[in-house]
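Structure file data.tsv (TSV, C-alpha atoms) is printed below.
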```
chain	number	residue	atom	x	y	z
A	1	MET	CA	0.00	0.00	0.00
A	2	ARG	CA	1.23	3.48	-0.81
A	3	ILE	CA	-0.66	6.72	-0.13
A	4	ILE	CA	0.15	10.43	-0.25
A	5	CYS	CA	-1.99	12.64	1.95
A	6	ASN	CA	-2.29	15.78	4.04
A	7	THR	CA	-0.40	15.30	7.32
A	8	SER	CA	-2.88	17.15	9.55
A	9	VAL	CA	-5.87	15.26	8.11
A	10	LEU	CA	-4.30	11.85	8.74
A	11	THR	CA	-3.15	12.94	12.20
A	12	GLN	CA	-6.65	14.04	13.22
A	13	VAL	CA	-8.24	10.85	11.91
A	14	CYS	CA	-5.69	8.64	13.66
A	15	GLN	CA	-6.20	10.51	16.94
A	16	ASN	CA	-9.96	9.95	16.75
A	17	VAL	CA	-9.59	6.26	15.91
A	18	GLN	CA	-6.87	5.75	18.53
A	19	ARG	CA	-9.38	6.42	21.33
A	20	CYS	CA	-10.75	2.91	20.81
A	21	VAL	CA	-7.33	1.25	20.90
A	22	PRO	CA	-6.94	-0.46	24.31
A	23	THR	CA	-4.03	0.53	26.54
A	24	ARG	CA	-3.57	-3.09	27.58
A	25	ALA	CA	-4.60	-5.18	24.60
A	26	VAL	CA	-5.34	-8.88	24.98
A	27	MET	CA	-3.75	-9.44	21.57
A	28	PRO	CA	-0.96	-7.44	19.84
A	29	LEU	CA	-3.11	-6.62	16.80
A	30	LEU	CA	-5.48	-4.57	18.97
A	31	ASP	CA	-2.58	-2.24	19.86
A	32	GLY	CA	-2.73	-1.02	16.29
A	33	ILE	CA	-4.80	0.93	13.82
A	34	LEU	CA	-6.05	-1.00	10.83
A	35	MET	CA	-5.29	0.87	7.58
A	36	ARG	CA	-6.56	-0.36	4.24
A	37	THR	CA	-7.65	0.92	0.88
A	38	THR	CA	-11.27	0.46	-0.18
A	39	ASP	CA	-12.88	-0.51	-3.47
A	40	ASP	CA	-14.14	3.05	-4.02
A	41	GLY	CA	-10.66	4.58	-3.84
A	42	ARG	CA	-10.64	5.72	-0.21
A	43	ILE	CA	-8.50	4.85	2.80
A	44	GLU	CA	-10.17	3.21	5.82
A	45	LEU	CA	-8.86	3.40	9.39
A	46	CYS	CA	-10.17	1.40	12.33
A	47	GLY	CA	-9.52	1.02	16.06
A	48	TYR	CA	-11.24	-1.71	18.10
A	49	ASP	CA	-11.02	-3.18	21.60
A	50	LEU	CA	-13.61	-5.94	21.00
A	51	GLU	CA	-16.26	-3.91	22.90
A	52	LEU	CA	-16.05	-0.52	21.20
A	53	GLY	CA	-14.75	0.41	17.77
A	54	ILE	CA	-14.36	3.52	15.60
A	55	SER	CA	-13.89	3.35	11.84
A	56	THR	CA	-13.78	6.02	9.17
A	57	THR	CA	-12.84	6.56	5.54
A	58	PHE	CA	-11.51	9.60	3.72
A	59	GLU	CA	-10.27	10.51	0.26
A	60	THR	CA	-6.57	10.71	-0.46
A	61	ARG	CA	-4.12	9.94	-3.23
A	62	ILE	CA	-3.69	6.16	-3.45
A	63	GLU	CA	-0.76	4.98	-5.57
A	64	GLU	CA	-0.91	1.34	-4.50
A	65	GLU	CA	-3.65	-0.61	-2.73
A	66	GLY	CA	-3.13	-2.75	0.34
A	67	ALA	CA	-3.68	-3.10	4.08
A	68	SER	CA	-1.75	-3.34	7.33
A	69	VAL	CA	-2.03	-2.79	11.09
A	70	ILE	CA	0.33	-0.16	12.56
A	71	ASN	CA	0.97	0.39	16.27
A	72	ALA	CA	-1.43	3.23	17.17
A	73	LYS	CA	0.63	5.10	19.76
A	74	MET	CA	3.79	5.08	17.67
A	75	LEU	CA	1.94	6.11	14.51
A	76	VAL	CA	0.20	9.06	16.17
A	77	ASP	CA	3.40	10.22	17.86
A	78	ILE	CA	5.22	10.17	14.53
A	79	LEU	CA	2.44	12.02	12.70
A	80	ARG	CA	2.46	14.79	15.31
A	81	HIS	CA	6.15	15.46	14.65
A	82	LEU	CA	6.17	15.42	10.86
A	83	PRO	CA	7.52	18.72	9.51
A	84	ASP	CA	5.71	18.99	6.17
A	85	GLU	CA	2.07	19.46	5.14
A	86	ARG	CA	2.30	16.39	2.91
A	87	MET	CA	3.46	12.94	3.75
A	88	THR	CA	3.93	9.57	2.07
A	89	LEU	CA	3.08	6.28	3.75
A	90	ASP	CA	4.37	3.15	2.08
A	91	ILE	CA	3.77	-0.42	3.32
A	92	ASN	CA	5.51	-3.26	1.49
A	93	PRO	CA	4.27	-6.88	1.24
A	94	LYS	CA	6.26	-7.77	4.40
A	95	ASN	CA	4.33	-5.13	6.42
A	96	ILE	CA	7.29	-2.77	6.71
A	97	CYS	CA	5.85	0.74	6.89
A	98	THR	CA	7.88	3.72	5.72
A	99	ILE	CA	6.70	7.26	6.51
A	100	GLU	CA	8.32	10.21	4.75
A	101	SER	CA	7.73	13.94	5.17
A	102	GLY	CA	10.20	16.64	4.23
A	103	ASN	CA	13.65	15.36	5.21
A	104	VAL	CA	12.28	12.96	7.83
A	105	GLU	CA	11.88	9.23	7.32
A	106	TYR	CA	10.55	6.62	9.77
A	107	THR	CA	10.32	2.85	9.42
A	108	LEU	CA	7.84	0.79	11.46
A	109	VAL	CA	7.07	-2.91	11.58
A	110	GLY	CA	3.40	-3.52	10.82
A	111	MET	CA	1.13	-6.51	11.39
A	112	ASN	CA	-0.99	-8.69	9.14
A	113	ALA	CA	-4.31	-6.97	8.43
A	114	ALA	CA	-5.98	-10.28	7.54
A	115	GLU	CA	-5.82	-11.30	11.21
A	116	TYR	CA	-7.45	-8.12	12.53
A	117	PRO	CA	-10.93	-8.80	14.01
A	118	GLU	CA	-13.80	-7.52	11.91
A	119	LEU	CA	-16.17	-4.97	13.42
A	120	PRO	CA	-19.80	-6.09	13.65
A	121	LYS	CA	-21.84	-5.11	10.60
A	122	LEU	CA	-25.54	-4.38	11.04
A	123	GLY	CA	-28.27	-4.34	8.42
A	124	ASP	CA	-30.88	-1.70	7.68
A	125	GLU	CA	-33.76	-3.35	9.54
A	126	ASN	CA	-33.62	-1.14	12.65
A	127	VAL	CA	-32.49	2.34	11.60
A	128	ILE	CA	-33.27	5.63	13.34
A	129	THR	CA	-32.03	9.15	12.56
A	130	ILE	CA	-31.64	11.99	15.08
A	131	PRO	CA	-30.20	15.50	14.53
A	132	ASN	CA	-26.65	15.98	15.84
A	133	LYS	CA	-27.49	18.74	18.30
A	134	VAL	CA	-30.50	16.91	19.75
A	135	LEU	CA	-28.57	13.74	20.48
A	136	ARG	CA	-25.60	15.71	21.83
A	137	SER	CA	-27.79	17.72	24.20
A	138	MET	CA	-29.63	14.63	25.45
A	139	ILE	CA	-26.44	12.70	26.17
A	140	LEU	CA	-24.72	15.59	27.95
A	141	GLN	CA	-27.80	16.19	30.11
A	142	THR	CA	-27.93	12.61	31.39
A	143	ILE	CA	-24.52	10.92	31.22
A	144	PHE	CA	-23.22	12.59	34.39
A	145	ALA	CA	-25.68	10.50	36.45
A	146	VAL	CA	-24.44	7.11	35.17
A	147	SER	CA	-23.27	4.70	37.87
A	148	VAL	CA	-19.54	4.03	38.29
A	149	ASP	CA	-20.17	0.96	40.45
A	150	GLU	CA	-18.61	-2.11	38.82
A	151	ALA	CA	-21.23	-4.31	40.50
A	152	LYS	CA	-24.09	-2.51	38.72
A	153	THR	CA	-23.03	-3.15	35.15
A	154	VAL	CA	-26.41	-2.42	33.58
A	155	HIS	CA	-26.48	1.02	35.24
A	156	ARG	CA	-23.08	1.96	33.82
A	157	GLY	CA	-24.90	3.07	30.70
A	158	VAL	CA	-27.74	5.31	29.54
A	159	LYS	CA	-31.09	3.75	28.74
A	160	PHE	CA	-32.63	4.81	25.41
A	161	GLU	CA	-36.41	4.44	25.24
A	162	PHE	CA	-38.15	4.94	21.90
A	163	SER	CA	-41.89	5.34	21.56
A	164	PRO	CA	-43.93	6.92	18.72
A	165	GLY	CA	-42.77	10.53	18.42
A	166	GLU	CA	-40.53	10.47	21.49
A	167	LEU	CA	-37.05	9.51	22.67
A	168	ARG	CA	-36.25	9.32	26.38
A	169	LEU	CA	-32.78	8.94	27.91
A	170	VAL	CA	-32.43	7.76	31.52
A	171	ALA	CA	-29.33	7.50	33.71
A	172	LEU	CA	-29.06	6.76	37.44
A	173	ASP	CA	-26.50	5.74	40.03
A	174	GLY	CA	-28.53	4.96	43.14
A	175	TYR	CA	-28.30	8.50	44.55
A	176	ARG	CA	-29.68	10.54	41.67
A	177	MET	CA	-31.42	10.15	38.33
A	178	ALA	CA	-31.47	12.16	35.11
A	179	ILE	CA	-34.27	11.92	32.54
A	180	ARG	CA	-34.29	13.79	29.23
A	181	LYS	CA	-37.13	13.65	26.66
A	182	GLU	CA	-37.32	14.95	23.12
A	183	PHE	CA	-39.77	14.73	20.24
A	184	VAL	CA	-38.26	12.71	17.37
A	185	ASP	CA	-39.42	11.50	13.98
A	186	TYR	CA	-40.13	7.90	14.97
A	187	ASN	CA	-43.36	6.00	14.42
A	188	GLY	CA	-42.38	2.40	15.19
A	189	LYS	CA	-42.99	0.14	18.15
A	190	VAL	CA	-41.92	0.88	21.72
A	191	PHE	CA	-38.46	-0.50	22.51
A	192	SER	CA	-35.40	0.27	24.61
A	193	PHE	CA	-31.69	-0.52	24.91
A	194	ILE	CA	-28.77	0.50	27.14
A	195	VAL	CA	-25.62	2.10	25.71
A	196	PRO	CA	-22.40	2.06	27.80
A	197	SER	CA	-21.31	5.50	29.01
A	198	LYS	CA	-17.85	4.80	27.56
A	199	THR	CA	-19.43	4.60	24.11
A	200	LEU	CA	-21.50	7.75	24.56
A	201	ASN	CA	-18.44	9.71	25.67
A	202	GLU	CA	-16.88	8.91	22.29
A	203	VAL	CA	-20.11	9.69	20.43
A	204	VAL	CA	-20.31	13.16	22.02
A	205	LYS	CA	-16.76	13.98	20.90
A	206	LEU	CA	-17.78	13.51	17.26
A	207	LEU	CA	-21.19	15.22	17.42
A	208	ASN	CA	-21.69	18.81	16.26
A	209	ASP	CA	-24.19	21.44	17.33
A	210	ASP	CA	-26.09	21.30	14.03
A	211	ASP	CA	-29.09	19.59	12.44
A	212	GLU	CA	-27.12	17.05	10.39
A	213	PRO	CA	-28.61	13.60	11.00
A	214	VAL	CA	-26.96	10.88	13.06
A	215	THR	CA	-27.92	7.40	11.89
A	216	ILE	CA	-28.37	4.71	14.54
A	217	ARG	CA	-28.42	1.05	13.54
A	218	LEU	CA	-29.39	-1.61	16.04
A	219	SER	CA	-29.22	-5.34	16.52
A	220	LYS	CA	-29.92	-7.42	19.62
A	221	ARG	CA	-26.40	-6.97	21.01
A	222	HIS	CA	-24.78	-4.09	19.08
A	223	ILE	CA	-25.35	-0.50	18.06
A	224	ILE	CA	-23.69	1.64	15.38
A	225	PHE	CA	-23.70	5.45	15.43
A	226	SER	CA	-22.90	6.91	11.99
A	227	ILE	CA	-21.71	10.51	12.40
A	228	GLY	CA	-20.38	12.12	9.24
A	229	ASN	CA	-17.66	9.78	7.92
A	230	TYR	CA	-17.28	8.00	11.26
A	231	ASN	CA	-18.93	4.82	12.49
A	232	ILE	CA	-18.89	4.01	16.21
A	233	VAL	CA	-19.84	0.42	16.94
A	234	SER	CA	-20.45	-0.85	20.45
A	235	ARG	CA	-21.86	-3.72	22.41
A	236	LEU	CA	-25.06	-2.94	24.28
A	237	LEU	CA	-25.36	-3.58	28.01
A	238	GLU	CA	-27.51	-6.55	28.92
A	239	GLY	CA	-29.59	-6.87	32.06
A	240	GLU	CA	-32.70	-5.54	33.77
A	241	PHE	CA	-32.70	-1.76	34.20
A	242	ILE	CA	-34.36	-0.63	37.43
A	243	ASP	CA	-38.04	0.40	37.34
A	244	TYR	CA	-37.12	4.06	37.57
A	245	LYS	CA	-40.66	5.37	37.13
A	246	SER	CA	-41.69	4.02	40.52
A	247	ALA	CA	-38.94	6.09	42.16
A	248	VAL	CA	-40.42	9.41	41.00
A	249	PRO	CA	-42.47	11.05	43.80
A	250	THR	CA	-46.11	11.65	42.90
A	251	ALA	CA	-46.82	14.16	45.68
A	252	LYS	CA	-45.24	17.48	46.61
A	253	THR	CA	-45.66	19.83	49.57
A	254	THR	CA	-43.24	22.58	48.48
A	255	THR	CA	-42.42	24.15	45.12
A	256	VAL	CA	-39.51	26.56	44.68
A	257	ARG	CA	-39.04	28.66	41.55
A	258	VAL	CA	-35.40	29.64	41.34
A	259	ASN	CA	-32.89	31.33	39.04
A	260	THR	CA	-30.51	28.56	38.01
A	261	ARG	CA	-27.32	30.63	37.89
A	262	GLU	CA	-27.99	32.35	41.21
A	263	LEU	CA	-28.63	29.05	42.97
A	264	MET	CA	-25.46	27.54	41.49
A	265	ASP	CA	-23.41	30.52	42.67
A	266	CYS	CA	-24.91	30.25	46.15
A	267	ILE	CA	-24.17	26.52	46.40
A	268	GLU	CA	-20.62	26.97	45.13
A	269	ARG	CA	-19.89	29.69	47.68
A	270	THR	CA	-21.24	27.62	50.55
A	271	SER	CA	-19.47	24.45	49.42
A	272	VAL	CA	-15.98	25.97	49.41
A	273	ILE	CA	-15.18	24.37	52.78
A	274	VAL	CA	-16.56	20.95	51.75
A	275	SER	CA	-13.79	18.61	50.59
A	276	GLU	CA	-13.57	14.96	49.57
A	277	LYS	CA	-12.42	14.13	53.10
A	278	THR	CA	-15.18	16.15	54.75
A	279	ARG	CA	-18.23	15.15	52.74
A	280	SER	CA	-20.69	17.04	54.87
A	281	PRO	CA	-24.17	17.56	53.39
A	282	LEU	CA	-25.35	21.00	52.46
A	283	ARG	CA	-28.36	22.03	54.57
A	284	PHE	CA	-31.14	23.76	52.59
A	285	ASN	CA	-33.90	25.64	54.36
A	286	PHE	CA	-36.77	26.62	52.06
A	287	SER	CA	-39.11	29.17	53.71
A	288	ASP	CA	-40.26	32.81	53.67
A	289	ASP	CA	-39.53	33.17	49.94
A	290	SER	CA	-35.86	32.44	50.44
A	291	ILE	CA	-33.33	29.63	50.46
A	292	ARG	CA	-30.89	29.55	53.33
A	293	MET	CA	-27.89	27.27	52.92
A	294	SER	CA	-25.42	26.18	55.59
A	295	VAL	CA	-22.74	23.58	56.10
A	296	VAL	CA	-20.53	22.59	59.02
A	297	THR	CA	-17.34	20.55	58.54
A	298	ALA	CA	-14.21	19.82	60.53
A	299	LEU	CA	-12.65	22.78	58.74
A	300	GLY	CA	-15.31	25.30	59.69
A	301	SER	CA	-18.74	26.47	58.63
A	302	ALA	CA	-20.44	28.57	55.96
A	303	THR	CA	-23.87	30.11	55.41
A	304	ASP	CA	-25.55	31.93	52.53
A	305	ARG	CA	-29.02	33.07	51.54
A	306	MET	CA	-30.88	33.97	48.38
A	307	GLU	CA	-34.35	35.31	47.78
A	308	THR	CA	-36.70	33.33	45.57
A	309	SER	CA	-40.31	32.13	45.32
A	310	VAL	CA	-41.29	29.37	47.77
A	311	THR	CA	-44.83	27.93	47.65
A	312	GLY	CA	-46.14	25.47	50.24
A	313	LYS	CA	-44.66	24.16	53.48
A	314	ALA	CA	-41.34	25.32	54.86
A	315	THR	CA	-38.82	22.50	54.46
A	316	GLU	CA	-35.32	21.80	55.71
A	317	ILE	CA	-33.43	19.13	53.80
A	318	GLY	CA	-29.84	18.02	53.17
A	319	PHE	CA	-28.18	17.22	49.85
A	320	ASN	CA	-24.81	16.32	48.45
A	321	SER	CA	-23.93	19.70	46.92
A	322	ARG	CA	-22.16	18.14	43.92
A	323	TYR	CA	-25.28	16.24	42.88
A	324	VAL	CA	-27.37	19.41	42.92
A	325	LEU	CA	-24.74	21.35	40.98
A	326	ASP	CA	-24.43	18.61	38.33
A	327	ALA	CA	-28.17	18.74	37.71
A	328	LEU	CA	-28.33	22.54	37.56
A	329	ARG	CA	-25.38	22.74	35.16
A	330	SER	CA	-27.02	20.24	32.82
A	331	CYS	CA	-30.57	21.56	32.63
A	332	GLU	CA	-29.77	24.48	30.26
A	333	ALA	CA	-32.61	26.62	31.65
A	334	ASP	CA	-32.53	30.12	33.13
A	335	GLU	CA	-35.10	29.13	35.76
A	336	VAL	CA	-36.17	25.78	37.20
A	337	LEU	CA	-38.69	24.42	39.68
A	338	ILE	CA	-37.62	22.39	42.70
A	339	ASP	CA	-40.39	20.10	43.97
A	340	LEU	CA	-40.11	18.76	47.53
A	341	ASN	CA	-42.18	16.39	49.65
A	342	GLY	CA	-40.62	16.69	53.09
A	343	PRO	CA	-37.07	16.19	54.38
A	344	VAL	CA	-36.69	12.48	53.54
A	345	SER	CA	-38.29	12.27	50.10
A	346	PRO	CA	-36.31	12.82	46.86
A	347	CYS	CA	-36.43	16.27	45.32
A	348	LEU	CA	-37.20	16.88	41.67
A	349	ILE	CA	-35.64	19.59	39.51
A	350	VAL	CA	-37.90	20.23	36.50
A	351	PRO	CA	-38.45	22.97	33.89
A	352	THR	CA	-40.85	25.84	34.58
A	353	GLU	CA	-42.76	24.78	31.46
A	354	GLY	CA	-43.03	21.36	29.82
A	355	ASP	CA	-41.38	18.15	30.93
A	356	HIS	CA	-38.35	17.72	28.67
A	357	PHE	CA	-36.02	17.07	31.62
A	358	MET	CA	-36.22	15.81	35.18
A	359	TYR	CA	-33.51	15.39	37.78
A	360	LEU	CA	-34.17	13.39	40.93
A	361	ILE	CA	-31.79	13.67	43.90
A	362	LEU	CA	-31.99	11.66	47.11
A	363	PRO	CA	-31.62	13.68	50.31
A	364	VAL	CA	-28.99	13.14	53.02
A	365	ARG	CA	-30.29	12.74	56.54
A	366	LEU	CA	-29.32	15.69	58.70
A	367	LYS	CA	-28.11	15.32	62.26
```

Representation of the structure as structure tokens:
Amino acid sequence: MRIICNTSVLTQVCQNVQRCVPTRAVMPLLDGILMRTTDDGRIELCGYDLELGISTTFETRIEEEGASVINAKMLVDILRHLPDERMTLDINPKNICTIESGNVEYTLVGMNAAEYPELPKLGDENVITIPNKVLRSMILQTIFAVSVDEAKTVHRGVKFEFSPGELRLVALDGYRMAIRKEFVDYNGKVFSFIVPSKTLNEVVKLLNDDDEPVTIRLSKRHIIFSIGNYNIVSRLLEGEFIDYKSAVPTAKTTTVRVNTRELMDCIERTSVIVSEKTRSPLRFNFSDDSIRMSVVTALGSATDRMETSVTGKATEIGFNSRYVLDALRSCEADEVLIDLNGPVSPCLIVPTEGDHFMYLILPVRLK
């Protein structure tokens, strides 16, 4: 194989694909990036760790067809240091790769492309399209609540629920829950699947804030996100997702309408003396059209107050300040409603109009 291409283009593509190359591969081939020419005169690159893979193709000048697997870390490091805008990559039949740019020449030992594991290929039976910016927003507004507990494998991903005209994403970790809904152009049957957070982190990096469609292909065990020239293929998580709907409180005794930015600032000021070692809960007192916050740790204490609209019973309740901040940062609304049902029931953070997001946070018992 012999190609001549723009150095920066190949570098960017290799960096994107490298993110799916495992740091500790179970087989030497997986340490590398698969490079091969295609029948339509393009070059294809692929990284794969047997759970998650990224592949892409792009146009370049191909002087000789072929394929090989090149160590990903070494290849990317070399590409970053090439001095010229153009480069030549030549791989001979013995998988010896020569890279030339300006006065620089590198030689690398490649591996047999025929032994590289094939990424799963899915048909066109289950295909859905979603605009880039919609999917990006939905993922970013839920993924922070995914569990990091190794014992709860099924909750280490985000649940996608499709129903006619609607897509709902749900993430939870046992202490909080994030739900995001959006109207979508879908008229099929109701179904759901769970995508690992690791996969969605890679999907978000390739999504843009535009209306270009993302194509999603599904099978029983795999999913493929097609974003521009990139395909991200991943295993789905298997298992029974918790019945999250039963966890949502149906009653409320207090409703607080609050400016999102002002509340975040107030929480951040009060939480300055809370550290990882002193995980003291933040005490919220909702009454008299104000929120009073206080915290006491081994390092000291802090109090703050902000005026707002409080309807219903006065309530004092404790929360992990980080969980509240995560929800407020993600809601993308100038104002939100906080619904409470006493000091031991979960609180809900919801929009002032509609129901396109919901954040549930469990309280911390106060001494």

A:Asp49 proximity check over A:Glu166, A:Asp77, A:Pro117, A:Cys14, using only C-alpha atoms: winner is A:Pro117

Tell me which protein, DNA and RNA residues are within 7 Å of stretch 224-232 of chain A, counting all atoms listed in the file, leaving out same-chain ones fewer than 6 positions away, and put them as a PyMOL selection string. chain A and resi 53-57+206-207+214-218

Restricted to C-alpha atoms, what would the selected residues look like written as an mmCIF file, in the frame of the given file?
```cif
data_model
loop_
_atom_site.group_PDB
_atom_site.id
_atom_site.type_symbol
_atom_site.label_atom_id
_atom_site.label_comp_id
_atom_site.auth_asym_id
_atom_site.auth_seq_id
_atom_site.Cartn_x
_atom_site.Cartn_y
_atom_site.Cartn_z
ATOM 1 C CA GLY A 53 -14.750 0.410 17.770
ATOM 2 C CA ILE A 54 -14.360 3.520 15.600
ATOM 3 C CA SER A 55 -13.890 3.350 11.840
ATOM 4 C CA THR A 56 -13.780 6.020 9.170
ATOM 5 C CA THR A 57 -12.840 6.560 5.540
ATOM 6 C CA LEU A 206 -17.780 13.510 17.260
ATOM 7 C CA LEU A 207 -21.190 15.220 17.420
ATOM 8 C CA VAL A 214 -26.960 10.880 13.060
ATOM 9 C CA THR A 215 -27.920 7.400 11.890
ATOM 10 C CA ILE A 216 -28.370 4.710 14.540
ATOM 11 C CA ARG A 217 -28.420 1.050 13.540
ATOM 12 C CA LEU A 218 -29.390 -1.610 16.040
#
```

May I have the protein, DNA and RNA residues with any atom at most 10 Å from the point (-20.2, 20.3, 60.7), counting all atoms listed in the file, written as an NGL selection string? :A and (274 or 278-282 or 294-302 or 367)

Would you export the selected residues with C-alpha atoms as a CSV table (one decimal), in the coordinates of the input, please?
```csv
chain,number,residue,atom,x,y,z
A,274,VAL,CA,-16.6,21.0,51.8
A,278,THR,CA,-15.2,16.2,54.8
A,279,ARG,CA,-18.2,15.2,52.7
A,280,SER,CA,-20.7,17.0,54.9
A,281,PRO,CA,-24.2,17.6,53.4
A,282,LEU,CA,-25.4,21.0,52.5
A,294,SER,CA,-25.4,26.2,55.6
A,295,VAL,CA,-22.7,23.6,56.1
A,296,VAL,CA,-20.5,22.6,59.0
A,297,THR,CA,-17.3,20.6,58.5
A,298,ALA,CA,-14.2,19.8,60.5
A,299,LEU,CA,-12.6,22.8,58.7
A,300,GLY,CA,-15.3,25.3,59.7
A,301,SER,CA,-18.7,26.5,58.6
A,302,ALA,CA,-20.4,28.6,56.0
A,367,LYS,CA,-28.1,15.3,62.3
```

Among A:Ala333, A:Ala145, A:Val190, A:Val248, A:Glu161 is approached most closely, using all atoms listed in the file, by A:Val190

Please build the interface table for stretch 108-135 of chain A against stretch 27-40 of chain A with a cut-off of 7 Å, listing for each qualifying residue the nearest atom pair and the distance in Å to one decimal; count all atoms listed in the file, order rows by chain and increasing number, and write it as a Markdown table.
```
| residue | atom | partner | partner_atom | distance |
| --- | --- | --- | --- | --- |
| A:Met111 | CA | A:Leu29 | CA | 6.9 |
| A:Ala113 | CA | A:Leu34 | CA | 6.7 |
| A:Tyr116 | CA | A:Leu29 | CA | 6.3 |
```

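Among the candidate residues A:Met87, A:Ala72, A:Ala178, A:Leu337, the one lying nearest to A:Thr7 is A:Met87, with distances computed using all atoms listed in the file.
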
As a check of understanding: the span from atom CA of A:Thr311 to atom CA of A:Asp289 is 7.8 Å

| Shell around A:Cys97 at 6 Å using only C-alpha atoms, local window under 5 positions removed, as an NGL selection string | :A and (90-91 or 107-108)

Could you pull the residues within 9 Å of A:Val364, counting only C-alpha atoms, minus those fewer than 4 positions along the same chain, as a CSV table (one decimal) with C-alpha atoms, in the coordinates of the input?
```csv
chain,number,residue,atom,x,y,z
A,281,PRO,CA,-24.2,17.6,53.4
A,282,LEU,CA,-25.4,21.0,52.5
A,317,ILE,CA,-33.4,19.1,53.8
A,318,GLY,CA,-29.8,18.0,53.2
A,319,PHE,CA,-28.2,17.2,49.8
A,320,ASN,CA,-24.8,16.3,48.4
A,343,PRO,CA,-37.1,16.2,54.4
A,344,VAL,CA,-36.7,12.5,53.5
```

If you count all atoms listed in the file, the residue of A:Arg257, A:Lys313, A:Lys277, A:Lys133 closest to A:Thr352 turns out to be A:Arg257

Shortest contact to A:Val17, candidates A:Asp209, A:Glu202, A:Glu125, A:Asp149, atoms counted only C-alpha atoms, goes to A:Glu202

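Comparing A:Val324, A:Met358, A:Leu167, A:Leu52 by their smallest distance to A:Lys245, the closest is A:Met358 (using all atoms listed in the file).
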
key: Ref. answer, residues at most 10 Å from (-1.8, -0.5, 0.5) with only C-alpha atoms, as a PyMOL selection string   = chain A and resi 1-3+35-38+43+62-68+89-93+95

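Neighbouring residues of A:Asn16 at 9 Å or closer, counting all atoms listed in the file and skipping chain neighbours under 3 positions away, are Thr11, Gln12, Val13, Arg19, Cys20, Gly47, Ile54, Glu202, Lys205 and Leu206 of chain A.
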
With 3 Å added on each side, what axis-aligned box encloses every listed atom of stretch 282-288 of chain A? Give the centre and edge lengths in Å to one decimal, as JSON.
```
{"center_x": -32.8, "center_y": 26.9, "center_z": 53.3, "size_x": 20.9, "size_y": 17.8, "size_z": 8.5}
```

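Atom CA of A:Arg176 is found 4.4 Å from atom CA of A:Ile361.
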
Considering only C-alpha atoms, return as a count of residues only whatever protein or nucleic-acid residues lie within 9 Å of A:Arg235, sequence-local ones (same chain, fewer than 3 positions apart) excluded. 9

A straight line from atom CA of A:Asp265 to atom CA of A:Thr142 spans 21.6 Å
